[in-house]
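Written below as structure tokens is the structure these notes are about.
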Amino acid sequence: MLLHDTALIYGRYLRQSLRSRFALLFGVLMPLLYLLFFGPLLTDLPLGGKGSSWQVLVPGLLLQLGLFGASFAGFSIIIEKSQGVVERMRVTPVSRLALLLGRVLRDATVFVFQAVLLVLAALVMGLRAPLPGVLIGFAFVGLLTVSLASLSYALAMKVRTPQEFGPAINAMTPMMLLSGLMLPMTLGPTWLDVLSHFVPFRYLVDAVRDAYVGSYATTPMLYGVLVAIAFAALAVTVGTRVFRTAGA
């Protein structure tokens, strides 16, 4: 029943996304602009990491796509709450976990699709990365989207208005900056590098950068996988509990 219910919810929201093709393409616009206007500035600069500047920048942009996009996914729940959609779903026998998973899997599908477009554009601009590494990067984008979208929906179920939701999400900006999305944190002073290790996103970024240079059996990769899976499990658990108990 869980798989059946999840498929129903997933299909409903995926159809909504497919009807808004403009939103699908617009979501990748900001990372694409970073790629076009910021990427060439890094060419041939010593970035303190493995591989070329593109192999440093593109993994960060991929995770930036998941970070910023999934964090604001909860806005749709606030709209549905005001229209009574969430309440009508909650009184049905559909699994509460399915109500969450259907949404977050739709989000993961959308952002992985956008990540594919971003990588294709990066290949045109000069990115060279092994195919297994690129696929691993997509997997990390999917896991990160599931995690942050679950927490975003949970938060949206707790607040009443978009004016309460927006500032709470924007408060995550320092964590995103400390994750080393744009440049490796090893380029900064020692105290900043040490501080960044307390941000879970740092481990995901380092893992994807290793994957893009073909280094798979590394400590950063192991830490990245463990953090991504643990974070996703925790976020889905929290999101499901909120969907079960929070008032719409």
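Every chain in the structure tokens takes a letter, A first, then B, and so on in the order presented; its residues are numbered from 1, and the ligands are numbered from 1 following the presented order.
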
Could I get the residues of region 72-187 of chain A with an atom no further than 6 Å from an atom of region 217-235 of chain A, each paired with its nearest atom pair and that distance in Å to one decimal, using only C-alpha atoms, sorted by chain and residue number, as CSV?
```
residue,atom,partner,partner_atom,distance
A:Ser147,CA,A:Ala232,CA,4.4
A:Ser150,CA,A:Ala235,CA,5.7
A:Leu151,CA,A:Ala235,CA,5.7
```

Could you write those residues out with C-alpha atoms, as an mmCIF file, in the first residue's frame?
```
data_model
loop_
_atom_site.group_PDB
_atom_site.id
_atom_site.type_symbol
_atom_site.label_atom_id
_atom_site.label_comp_id
_atom_site.auth_asym_id
_atom_site.auth_seq_id
_atom_site.Cartn_x
_atom_site.Cartn_y
_atom_site.Cartn_z
ATOM 1 C CA SER A 147 16.442 15.593 2.809
ATOM 2 C CA SER A 150 11.290 16.848 3.702
ATOM 3 C CA LEU A 151 12.442 19.413 6.254
#
```

Closest contacts (region 33-80 of chain A/region 5-23 of chain A, max 12 Å, only C-alpha atoms) as JSON lines:
```
{"residue": "A:Gly69", "atom": "CA", "partner": "A:Ala23", "partner_atom": "CA", "distance": 11.3}
{"residue": "A:Ser76", "atom": "CA", "partner": "A:Tyr13", "partner_atom": "CA", "distance": 10.7}
{"residue": "A:Ile77", "atom": "CA", "partner": "A:Tyr13", "partner_atom": "CA", "distance": 11.8}
```

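Of the listed residues (A:Ala121, A:Ala108, A:Ala129, A:Val213), A:Ala108 comes nearest to Leu143 (chain A); the distances count only C-alpha atoms.
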
Inset, instruction - Excluding Leu29 (chain A) and any residue of its chain fewer than 3 positions from it, enumerate the residues within 12 Å of it, using only C-alpha atoms, and give them as an NGL selection string. - result: :A and (22-26 or 32-36 or 61 or 64-65 or 69 or 114-115 or 117-118 or 121)

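From CA of Val112 (chain A) back to CA of Leu99 (chain A), the distance works out to 20.6 Å.
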
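Taking only C-alpha atoms into account, Asp193 (chain A) lies nearest to A:Ser179 out of the set A:Thr173, A:Thr237, A:Ser152, A:Ser179.
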
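Nearest to Gly74 (chain A) of all the residues A:Thr190, A:Thr43, A:Thr161, A:Thr109 is A:Thr161, based on only C-alpha atoms.
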
Inset, instruction - Extract, using only C-alpha atoms, all DNA, RNA and protein residues at most 10 Å from Ala156 (chain A), discarding same-chain residues fewer than 6 positions from it, and format them as JSON, numbers by chain. - result: {"A": [72, 73, 74, 75, 76, 77, 78, 79, 81, 150, 162, 164, 165, 166, 242, 248]}

Residues as selected, C-alpha atoms, written as a PDB file, in the first residue's frame, can you do that?
```pdb
ATOM      1  CA  PHE A  72      11.900  26.479  -0.682  1.00  0.00           C
ATOM      2  CA  ALA A  73       9.739  23.491  -1.692  1.00  0.00           C
ATOM      3  CA  GLY A  74       7.533  24.044   1.350  1.00  0.00           C
ATOM      4  CA  PHE A  75       5.947  27.143  -0.178  1.00  0.00           C
ATOM      5  CA  SER A  76       3.614  24.864  -2.130  1.00  0.00           C
ATOM      6  CA  ILE A  77       2.353  23.281   1.108  1.00  0.00           C
ATOM      7  CA  ILE A  78       1.458  26.698   2.520  1.00  0.00           C
ATOM      8  CA  ILE A  79      -0.650  27.390  -0.562  1.00  0.00           C
ATOM      9  CA  LYS A  81      -3.063  24.468   3.326  1.00  0.00           C
ATOM     10  CA  SER A 150      11.290  16.848   3.702  1.00  0.00           C
ATOM     11  CA  PRO A 162       4.876  32.656   3.668  1.00  0.00           C
ATOM     12  CA  GLU A 164       7.077  33.242   8.492  1.00  0.00           C
ATOM     13  CA  PHE A 165       8.497  30.581   6.189  1.00  0.00           C
ATOM     14  CA  GLY A 166      10.844  32.714   4.073  1.00  0.00           C
ATOM     15  CA  VAL A 242       4.926  16.320  11.267  1.00  0.00           C
ATOM     16  CA  ALA A 248      -3.390  21.794   8.563  1.00  0.00           C
TER      17      ALA A 248
END
```
